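Structure file start_6.cif (mmCIF, C-alpha atoms) is printed below.
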```cif
data_target
loop_
_atom_site.group_PDB
_atom_site.id
_atom_site.type_symbol
_atom_site.label_atom_id
_atom_site.label_comp_id
_atom_site.auth_asym_id
_atom_site.auth_seq_id
_atom_site.Cartn_x
_atom_site.Cartn_y
_atom_site.Cartn_z
ATOM 1 C CA MET R 1 -24.643 10.243 -9.645
ATOM 2 C CA ARG R 2 -23.544 12.441 -6.763
ATOM 3 C CA ALA R 3 -25.637 10.399 -4.312
ATOM 4 C CA ALA R 4 -23.887 7.281 -5.540
ATOM 5 C CA VAL R 5 -20.499 8.901 -5.001
ATOM 6 C CA TYR R 6 -21.495 9.965 -1.472
ATOM 7 C CA SER R 7 -22.767 6.536 -0.483
ATOM 8 C CA GLY R 8 -19.717 4.894 -2.029
ATOM 9 C CA LEU R 9 -17.487 7.218 -0.052
ATOM 10 C CA ALA R 10 -19.389 6.551 3.146
ATOM 11 C CA ALA R 11 -19.161 2.794 2.673
ATOM 12 C CA ALA R 12 -15.452 2.977 1.918
ATOM 13 C CA LEU R 13 -14.876 5.129 5.000
ATOM 14 C CA LEU R 14 -16.756 2.690 7.205
ATOM 15 C CA LEU R 15 -14.776 -0.237 5.824
ATOM 16 C CA ALA R 16 -11.464 1.565 6.128
ATOM 17 C CA CYS R 17 -12.121 2.576 9.716
ATOM 18 C CA ALA R 18 -13.298 -0.803 10.973
ATOM 19 C CA PRO R 19 -10.459 -1.644 13.346
ATOM 20 C CA ARG R 20 -8.549 -4.841 12.976
ATOM 21 C CA VAL R 21 -8.534 -6.794 16.173
ATOM 22 C CA GLN R 22 -6.063 -9.126 17.758
ATOM 23 C CA ALA R 23 -7.145 -11.954 19.965
ATOM 24 C CA ASP R 24 -6.086 -15.319 21.097
ATOM 25 C CA GLU R 25 -7.859 -17.649 23.394
ATOM 26 C CA GLY R 26 -6.302 -16.016 26.445
ATOM 27 C CA GLY R 27 -8.168 -12.747 26.486
ATOM 28 C CA ALA R 28 -10.059 -9.790 25.140
ATOM 29 C CA ARG R 29 -9.686 -8.478 21.617
ATOM 30 C CA VAL R 30 -7.653 -5.333 21.229
ATOM 31 C CA PRO R 31 -7.920 -3.085 18.150
ATOM 32 C CA VAL R 32 -4.573 -3.058 16.398
ATOM 33 C CA LEU R 33 -2.849 0.284 15.990
ATOM 34 C CA PRO R 34 -2.962 0.834 12.204
ATOM 35 C CA LEU R 35 0.605 2.157 12.173
ATOM 36 C CA TYR R 36 1.808 -0.981 13.985
ATOM 37 C CA GLN R 37 -0.003 -3.129 11.441
ATOM 38 C CA GLN R 38 1.386 -1.148 8.514
ATOM 39 C CA GLU R 39 5.012 -0.920 9.593
ATOM 40 C CA CYS R 40 5.602 -4.278 11.251
ATOM 41 C CA SER R 41 3.601 -6.436 8.890
ATOM 42 C CA ALA R 42 5.705 -5.156 5.996
ATOM 43 C CA CYS R 43 8.144 -7.923 6.952
ATOM 44 C CA HIS R 44 6.265 -10.339 9.209
ATOM 45 C CA VAL R 45 2.912 -11.001 10.782
ATOM 46 C CA ALA R 46 1.944 -8.228 13.216
ATOM 47 C CA TYR R 47 2.558 -10.271 16.346
ATOM 48 C CA PRO R 48 -0.008 -9.713 19.123
ATOM 49 C CA ALA R 49 1.140 -7.007 21.544
ATOM 50 C CA ARG R 50 0.079 -9.121 24.521
ATOM 51 C CA GLY R 51 2.382 -11.906 23.396
ATOM 52 C CA LEU R 52 5.440 -10.229 24.946
ATOM 53 C CA PRO R 53 6.100 -8.488 28.266
ATOM 54 C CA ALA R 54 6.499 -4.705 28.189
ATOM 55 C CA ALA R 55 10.225 -4.968 28.944
ATOM 56 C CA SER R 56 10.758 -7.148 25.861
ATOM 57 C CA TRP R 57 8.887 -4.713 23.631
ATOM 58 C CA GLN R 58 10.925 -1.878 25.067
ATOM 59 C CA ARG R 59 14.213 -3.601 24.233
ATOM 60 C CA LEU R 60 13.026 -4.576 20.732
ATOM 61 C CA MET R 61 11.775 -1.087 19.931
ATOM 62 C CA GLY R 62 14.975 0.428 21.291
ATOM 63 C CA ASN R 63 17.084 -1.635 18.938
ATOM 64 C CA LEU R 64 15.218 -1.642 15.607
ATOM 65 C CA PRO R 65 18.330 -0.910 13.499
ATOM 66 C CA ARG R 66 19.528 -4.359 14.637
ATOM 67 C CA HIS R 67 16.255 -6.286 14.662
ATOM 68 C CA PHE R 68 16.980 -10.025 14.533
ATOM 69 C CA GLY R 69 19.685 -9.444 11.958
ATOM 70 C CA THR R 70 18.006 -6.779 9.836
ATOM 71 C CA ASP R 71 17.683 -3.011 9.891
ATOM 72 C CA ALA R 72 14.053 -2.242 10.752
ATOM 73 C CA SER R 73 14.696 1.371 11.789
ATOM 74 C CA LEU R 74 11.782 3.789 11.924
ATOM 75 C CA ASP R 75 11.421 7.571 11.986
ATOM 76 C CA ALA R 76 11.234 9.029 15.493
ATOM 77 C CA ALA R 77 7.504 9.828 15.422
ATOM 78 C CA SER R 78 6.469 6.333 14.267
ATOM 79 C CA LEU R 79 8.818 4.750 16.796
ATOM 80 C CA ARG R 80 7.231 6.755 19.606
ATOM 81 C CA GLU R 81 3.661 5.955 18.562
ATOM 82 C CA ILE R 82 4.220 2.218 18.088
ATOM 83 C CA SER R 83 6.318 1.875 21.260
ATOM 84 C CA GLY R 84 3.687 3.631 23.331
ATOM 85 C CA TRP R 85 0.933 1.393 21.980
ATOM 86 C CA LEU R 86 2.963 -1.764 22.612
ATOM 87 C CA GLN R 87 3.704 -0.693 26.185
ATOM 88 C CA THR R 88 -0.007 -0.132 26.791
ATOM 89 C CA HIS R 89 -1.072 -3.474 25.349
ATOM 90 C CA ALA R 90 1.824 -5.716 26.359
ATOM 91 C CA ALA R 91 1.338 -8.957 28.266
ATOM 92 C CA THR R 92 -0.549 -8.842 31.554
ATOM 93 C CA GLY R 93 -0.820 -11.230 34.494
ATOM 94 C CA GLN R 94 1.670 -14.074 34.705
ATOM 95 C CA ARG R 95 2.868 -13.466 31.172
ATOM 96 C CA ALA R 96 4.045 -9.982 32.141
ATOM 97 C CA SER R 97 6.878 -11.351 34.292
ATOM 98 C CA ASP R 98 8.169 -13.767 31.656
ATOM 99 C CA GLN R 99 11.706 -13.186 30.366
ATOM 100 C CA PRO R 100 11.820 -14.914 26.970
ATOM 101 C CA ALA R 101 15.254 -15.518 25.468
ATOM 102 C CA ASP R 102 16.189 -12.858 22.887
ATOM 103 C CA ASP R 103 12.779 -11.290 23.523
ATOM 104 C CA ARG R 104 11.285 -13.795 21.121
ATOM 105 C CA ILE R 105 7.556 -14.549 21.375
ATOM 106 C CA THR R 106 8.374 -18.130 20.426
ATOM 107 C CA ARG R 107 10.480 -18.446 23.581
ATOM 108 C CA THR R 108 7.794 -17.277 26.003
ATOM 109 C CA ARG R 109 6.397 -19.802 28.462
ATOM 110 C CA TRP R 110 2.857 -19.348 27.122
ATOM 111 C CA PHE R 111 3.926 -19.924 23.503
ATOM 112 C CA VAL R 112 5.855 -23.076 24.367
ATOM 113 C CA ARG R 113 2.934 -24.382 26.427
ATOM 114 C CA GLU R 114 0.318 -23.613 23.753
ATOM 115 C CA HIS R 115 2.389 -25.414 21.100
ATOM 116 C CA ASP R 116 3.720 -28.343 23.138
ATOM 117 C CA GLU R 117 1.766 -30.870 21.055
ATOM 118 C CA ILE R 118 3.582 -29.844 17.860
ATOM 119 C CA SER R 119 6.476 -32.195 17.197
ATOM 120 C CA PRO R 120 9.868 -30.910 15.969
ATOM 121 C CA ALA R 121 9.300 -32.674 12.634
ATOM 122 C CA VAL R 122 6.152 -30.618 12.034
ATOM 123 C CA TRP R 123 7.967 -27.341 12.748
ATOM 124 C CA ARG R 124 10.633 -28.342 10.216
ATOM 125 C CA ARG R 125 8.183 -28.864 7.348
ATOM 126 C CA ALA R 126 9.042 -26.656 4.377
ATOM 127 C CA SER R 127 5.520 -25.228 4.542
ATOM 128 C CA ILE R 128 6.162 -23.984 8.091
ATOM 129 C CA GLY R 129 9.930 -23.555 8.463
ATOM 130 C CA LYS R 130 10.052 -21.820 11.821
ATOM 131 C CA ALA R 131 7.864 -21.214 14.830
ATOM 132 C CA SER R 132 7.619 -17.476 14.113
ATOM 133 C CA ASN R 133 5.801 -18.198 10.844
ATOM 134 C CA CYS R 134 2.384 -17.918 12.540
ATOM 135 C CA ALA R 135 0.447 -17.634 9.291
ATOM 136 C CA ALA R 136 1.610 -21.059 8.109
ATOM 137 C CA CYS R 137 -0.959 -22.660 10.448
ATOM 138 C CA HIS R 138 -2.989 -19.773 11.890
ATOM 139 C CA THR R 139 -5.012 -19.001 8.789
ATOM 140 C CA GLN R 140 -6.349 -15.725 10.221
ATOM 141 C CA ALA R 141 -3.023 -14.472 11.606
ATOM 142 C CA ALA R 142 -2.892 -11.590 9.123
ATOM 143 C CA GLN R 143 -6.238 -10.442 10.542
ATOM 144 C CA GLY R 144 -4.865 -10.700 14.077
ATOM 145 C CA ARG R 145 -6.824 -13.839 14.982
ATOM 146 C CA PHE R 146 -4.999 -16.774 16.522
ATOM 147 C CA SER R 147 -7.925 -18.898 17.675
ATOM 148 C CA GLU R 148 -7.469 -22.668 17.624
ATOM 149 C CA HIS R 149 -10.574 -22.885 15.415
ATOM 150 C CA ASP R 150 -8.654 -21.234 12.587
ATOM 151 C CA VAL R 151 -5.641 -23.522 12.781
ATOM 152 C CA ARG R 152 -4.870 -25.680 9.727
ATOM 153 C CA ILE R 153 -1.494 -27.396 9.951
ATOM 154 C CA PRO R 154 -0.115 -27.751 6.411
ATOM 155 C CA LYS R 155 1.474 -30.972 5.133
ATOM 156 C CA MET P 1 -2.479 4.014 7.396
ATOM 157 C CA PHE P 2 -5.780 2.973 5.835
ATOM 158 C CA PRO P 3 -4.972 1.904 2.299
ATOM 159 C CA ASP P 4 -8.574 2.285 1.153
ATOM 160 C CA LEU P 5 -8.821 5.732 2.619
ATOM 161 C CA LEU P 6 -5.508 6.813 1.118
ATOM 162 C CA ALA P 7 -6.534 5.586 -2.290
ATOM 163 C CA LEU P 8 -9.704 7.618 -1.967
ATOM 164 C CA SER P 9 -8.000 10.762 -0.797
ATOM 165 C CA THR P 10 -5.531 10.766 -3.657
ATOM 166 C CA ALA P 11 -7.620 9.449 -6.509
ATOM 167 C CA ARG P 12 -11.388 9.315 -6.621
ATOM 168 C CA PRO P 13 -12.618 12.410 -4.854
ATOM 169 C CA ARG P 14 -10.469 14.862 -6.741
ATOM 170 C CA GLY P 15 -13.121 15.597 -9.371
ATOM 171 C CA TRP P 16 -15.729 15.844 -6.669
ATOM 172 C CA LEU P 17 -13.559 18.217 -4.700
ATOM 173 C CA LEU P 18 -12.949 20.511 -7.637
ATOM 174 C CA ALA P 19 -16.659 20.590 -8.384
ATOM 175 C CA ALA P 20 -17.415 21.530 -4.787
ATOM 176 C CA LEU P 21 -14.764 24.237 -4.553
ATOM 177 C CA PRO P 22 -16.757 27.200 -5.913
ATOM 178 C CA ARG P 23 -19.672 26.472 -3.599
ATOM 179 C CA TRP P 24 -17.809 26.049 -0.320
ATOM 180 C CA PRO P 25 -14.677 28.170 -0.616
ATOM 181 C CA ALA P 26 -13.603 27.685 2.996
ATOM 182 C CA LEU P 27 -14.059 23.933 2.885
ATOM 183 C CA GLY P 28 -12.345 23.871 -0.479
ATOM 184 C CA ALA P 29 -9.345 25.784 0.808
ATOM 185 C CA ALA P 30 -9.017 23.520 3.830
ATOM 186 C CA LEU P 31 -9.269 20.378 1.722
ATOM 187 C CA LEU P 32 -6.801 21.705 -0.823
ATOM 188 C CA LEU P 33 -4.337 22.401 1.967
ATOM 189 C CA ALA P 34 -4.807 18.895 3.315
ATOM 190 C CA LEU P 35 -4.415 17.426 -0.172
ATOM 191 C CA THR P 36 -1.251 19.297 -1.043
ATOM 192 C CA GLY P 37 0.137 18.377 2.366
ATOM 193 C CA SER P 38 -0.578 14.693 1.898
ATOM 194 C CA LEU P 39 0.766 14.756 -1.633
ATOM 195 C CA ALA P 40 4.061 16.360 -0.642
ATOM 196 C CA ALA P 41 5.838 12.997 -0.581
ATOM 197 C CA ALA P 42 4.021 11.595 -3.613
ATOM 198 C CA ALA P 43 6.166 11.107 -6.670
ATOM 199 C CA SER P 44 6.588 8.991 -9.766
ATOM 200 C CA PRO P 45 9.437 6.549 -10.374
ATOM 201 C CA ALA P 46 10.713 8.901 -13.089
ATOM 202 C CA GLU P 47 10.754 11.830 -10.676
ATOM 203 C CA LEU P 48 12.601 9.831 -8.025
ATOM 204 C CA LEU P 49 15.092 8.639 -10.628
ATOM 205 C CA ALA P 50 15.639 12.248 -11.751
ATOM 206 C CA ALA P 51 16.189 13.327 -8.144
ATOM 207 C CA TYR P 52 18.713 10.564 -7.383
ATOM 208 C CA THR P 53 20.487 11.225 -10.687
ATOM 209 C CA ALA P 54 20.689 14.965 -9.990
ATOM 210 C CA GLU P 55 22.087 14.253 -6.524
ATOM 211 C CA ALA P 56 24.629 11.834 -7.995
ATOM 212 C CA GLY P 57 25.690 14.376 -10.599
ATOM 213 C CA ALA P 58 26.160 11.706 -13.269
ATOM 214 C CA ALA P 59 23.980 9.683 -15.617
ATOM 215 C CA ALA P 60 22.417 6.515 -14.173
ATOM 216 C CA SER P 61 23.230 3.117 -15.631
ATOM 217 C CA ALA P 62 20.678 0.305 -15.691
ATOM 218 C CA VAL P 63 23.473 -2.181 -16.404
ATOM 219 C CA ARG P 64 25.357 -1.131 -13.277
ATOM 220 C CA GLY P 65 22.059 -1.169 -11.381
ATOM 221 C CA GLU P 66 21.350 -4.783 -12.279
ATOM 222 C CA ALA P 67 24.860 -5.843 -11.274
ATOM 223 C CA PHE P 68 24.518 -4.035 -7.952
ATOM 224 C CA PHE P 69 21.110 -5.575 -7.309
ATOM 225 C CA THR P 70 22.074 -9.162 -8.019
ATOM 226 C CA SER P 71 25.525 -9.165 -6.374
ATOM 227 C CA ARG P 72 26.403 -9.670 -2.755
ATOM 228 C CA HIS P 73 28.434 -6.932 -1.140
ATOM 229 C CA GLY P 74 30.492 -8.779 1.441
ATOM 230 C CA ARG P 75 27.463 -9.821 3.466
ATOM 231 C CA GLU P 76 24.960 -12.626 3.557
ATOM 232 C CA TRP P 77 22.265 -11.082 1.370
ATOM 233 C CA ALA P 78 21.990 -9.431 -2.033
ATOM 234 C CA CYS P 79 18.944 -7.308 -2.908
ATOM 235 C CA ALA P 80 17.946 -10.292 -5.020
ATOM 236 C CA SER P 81 17.926 -12.588 -1.962
ATOM 237 C CA CYS P 82 14.499 -11.224 -1.037
ATOM 238 C CA HIS P 83 13.296 -9.523 -4.230
ATOM 239 C CA GLY P 84 14.422 -12.139 -6.770
ATOM 240 C CA ALA P 85 17.049 -11.726 -9.484
ATOM 241 C CA LYS P 86 14.458 -10.084 -11.741
ATOM 242 C CA PRO P 87 11.887 -8.444 -9.480
ATOM 243 C CA VAL P 88 8.955 -8.542 -11.879
ATOM 244 C CA GLN P 89 7.164 -11.034 -9.649
ATOM 245 C CA ASP P 90 6.684 -11.705 -5.947
ATOM 246 C CA GLY P 91 9.775 -12.150 -3.826
ATOM 247 C CA LYS P 92 10.116 -13.720 -0.403
ATOM 248 C CA HIS P 93 11.711 -12.244 2.718
ATOM 249 C CA ALA P 94 14.882 -14.271 3.320
ATOM 250 C CA ALA P 95 14.356 -14.347 7.099
ATOM 251 C CA THR P 96 10.606 -14.342 7.657
ATOM 252 C CA GLY P 97 9.335 -15.880 4.423
ATOM 253 C CA LYS P 98 6.826 -13.065 3.990
ATOM 254 C CA VAL P 99 5.786 -12.486 0.382
ATOM 255 C CA ILE P 100 7.145 -9.230 -1.067
ATOM 256 C CA GLY P 101 5.305 -7.717 -4.034
ATOM 257 C CA PRO P 102 7.187 -7.040 -7.292
ATOM 258 C CA LEU P 103 9.640 -4.153 -7.100
ATOM 259 C CA ALA P 104 9.614 -3.152 -10.782
ATOM 260 C CA PRO P 105 7.081 -0.318 -11.154
ATOM 261 C CA ALA P 106 5.676 -1.740 -14.400
ATOM 262 C CA PHE P 107 4.529 -4.785 -12.425
ATOM 263 C CA ASN P 108 3.509 -2.981 -9.228
ATOM 264 C CA PRO P 109 2.274 0.603 -9.734
ATOM 265 C CA GLN P 110 2.635 1.483 -6.030
ATOM 266 C CA ARG P 111 6.407 1.139 -6.159
ATOM 267 C CA PHE P 112 8.517 4.314 -6.037
ATOM 268 C CA THR P 113 5.543 6.650 -5.748
ATOM 269 C CA ASP P 114 6.456 7.929 -2.267
ATOM 270 C CA ALA P 115 9.845 9.534 -1.681
ATOM 271 C CA GLY P 116 9.713 8.909 2.071
ATOM 272 C CA LYS P 117 8.947 5.236 1.645
ATOM 273 C CA ALA P 118 11.666 4.778 -0.979
ATOM 274 C CA ASP P 119 14.197 6.485 1.310
ATOM 275 C CA LYS P 120 13.150 4.364 4.279
ATOM 276 C CA TRP P 121 13.605 1.089 2.424
ATOM 277 C CA PHE P 122 16.865 2.106 0.732
ATOM 278 C CA ARG P 123 18.159 3.088 4.180
ATOM 279 C CA ARG P 124 17.212 -0.225 5.814
ATOM 280 C CA ASN P 125 18.000 -2.566 2.973
ATOM 281 C CA CYS P 126 21.339 -0.974 2.069
ATOM 282 C CA GLN P 127 22.399 -1.472 5.692
ATOM 283 C CA ASP P 128 21.426 -5.140 5.453
ATOM 284 C CA VAL P 129 22.996 -5.761 2.054
ATOM 285 C CA VAL P 130 25.974 -3.388 1.898
ATOM 286 C CA GLY P 131 26.475 -2.501 5.558
ATOM 287 C CA ARG P 132 26.150 1.241 4.895
ATOM 288 C CA THR P 133 23.773 3.717 3.291
ATOM 289 C CA CYS P 134 23.771 3.616 -0.507
ATOM 290 C CA THR P 135 25.064 6.535 -2.529
ATOM 291 C CA ALA P 136 22.710 8.547 -4.718
ATOM 292 C CA ALA P 137 24.474 7.052 -7.748
ATOM 293 C CA GLU P 138 23.799 3.500 -6.558
ATOM 294 C CA LYS P 139 20.137 4.295 -5.953
ATOM 295 C CA ALA P 140 19.852 5.961 -9.367
ATOM 296 C CA ASP P 141 21.455 2.934 -11.079
ATOM 297 C CA VAL P 142 19.149 0.430 -9.376
ATOM 298 C CA LEU P 143 16.048 2.489 -10.049
ATOM 299 C CA ALA P 144 17.090 3.007 -13.698
ATOM 300 C CA TRP P 145 17.255 -0.776 -14.055
ATOM 301 C CA LEU P 146 13.955 -1.367 -12.239
ATOM 302 C CA VAL P 147 12.022 1.088 -14.429
ATOM 303 C CA SER P 148 13.544 -0.521 -17.529
ATOM 304 C CA LEU P 149 11.961 -3.887 -16.671
ATOM 305 C CA ARG P 150 8.848 -4.396 -18.765
#
```
Represent the supplied structure as structure tokens.
Amino acid sequence: MRAAVYSGLAAALLLACAPRVQADEGGARVPVLPLYQQECSACHVAYPARGLPAASWQRLMGNLPRHFGTDASLDAASLREISGWLQTHAATGQRASDQPADDRITRTRWFVREHDEISPAVWRRASIGKASNCAACHTQAAQGRFSEHDVRIPK
Amino acid sequence: MFPDLLALSTARPRGWLLAALPRWPALGAALLLALTGSLAAAASPAELLAAYTAEAGAAASAVRGEAFFTSRHGREWACASCHGAKPVQDGKHAATGKVIGPLAPAFNPQRFTDAGKADKWFRRNCQDVVGRTCTAAEKADVLAWLVSLR
């Protein structure tokens, strides 16, 4: 009985500690900070850190009480931890110098380029609604995977 | 942080821990400390309701709570805009479309079991809906209504 409890515990620990990863076709997978996943995905998909330049993340994290029209304020310790992680894993290379309007991922050059084959009518479908609704088409978005292989565009 | 791990640390191993205590007193003491620390914010909906009611200094009213929850307060959203008029089933975030689990504790046992989490969401959502923090009386009324939903 006790052995079963131990092995159950061990298995659960292993499962719980397996890091979620974020990746798109542009680069290496990065383990997602669990606190980022927990706090941000309470309201929306945990957008990939490398999707926005560091300056955009800094502005967003500095203004959470007015976050795209809602109060997303955090306690000071969580704010510090998540901000630090986002700064470390923000966009690199050409993407780092992008200045997307309103600091929206959907207004970055890379996002617009990657989605340029999607017509406005598709974006407007009730099943999609808006470009920030990643999970409507990226079936593995909640797991941090945005590969084209996992894309299923709903009717 | 890790839901599975949290569930384990608060539920399953407790019997195991107690059984191990006499044999490894030092380990037991350390684990007990960790447990009581992690449980400091744990609560039940009834305890949170009692705390809000005590702070308000008046009895809570489920009828007032329902009216507060389903009405708009001079802004775009009511609580019900995201949680539904009777939050015994999934709601949907009015801006992002993200599914929100039921708010009534009878339909979602995780609700109102963490004082810190309840405070955080009252703080944020009252700003969005009312444009200010809610009073203890308003929180007590809403929670009284939510726990009455069966």
Counting all atoms listed in the file, what is within 8 Å of region 44-61 of chain P, bar same-chain residues fewer than 5 positions away, as a list in words?
-> Pro105, Arg111, Phe112, Thr113, Asp114, Ala115, Thr135, Ala136, Ala137, Lys139, Ala140, Asp141, Val142, Leu143, Ala144, Trp145 and Val147 of chain P
Close residues, region 57-61 of chain R itself excluded, 10 Å, all atoms listed in the file, min 3 positions apart in chain, as a VMD selection string | chain R and resid 49 to 54 64 to 68 72 to 74 79 to 80 82 to 84 86 to 87 90 to 91 102 to 104
List the residues selected by the PyMOL selection byres ((chain P and resi 85) around 12) in the file shown, writing them as a PyMOL selection string.
-> chain P and resi 65-72+78-84+86-92+102-104+145-146+149
If we count only C-alpha atoms, what is near region 43-48 of chain R at a cut-off of 7 Å, once residues fewer than 2 positions away on the same chain are taken out, given as number ranges by chain?
-> R: 22, 37, 40-41, 50-51, 141-142; P: 96, 98
Between R:Asp150, R:Glu114, R:Glu39, R:Asp71, which has the minimum distance to chain P (counting all atoms listed in the file)?
->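 Ranked by minimum distance to chain P, first place goes to R:Asp71.
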Point-to-point distance from CA of Ile153 (chain R) to CA of Val112 (chain R), Å rounded to tenths |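 Computing it gives 16.7 Å between the two atoms.
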When distances are computed from all atoms listed in the file, which of R:Pro120, R:Gly93, R:Gly129, R:Pro31 shows the smallest separation from chain P?
->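 Of the candidates, the smallest distance to chain P is held by R:Gly129.
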How far is it from CA of Ala131 (chain R) to CA of Gln143 (chain R), in Å with one decimal?
-> 18.3 Å
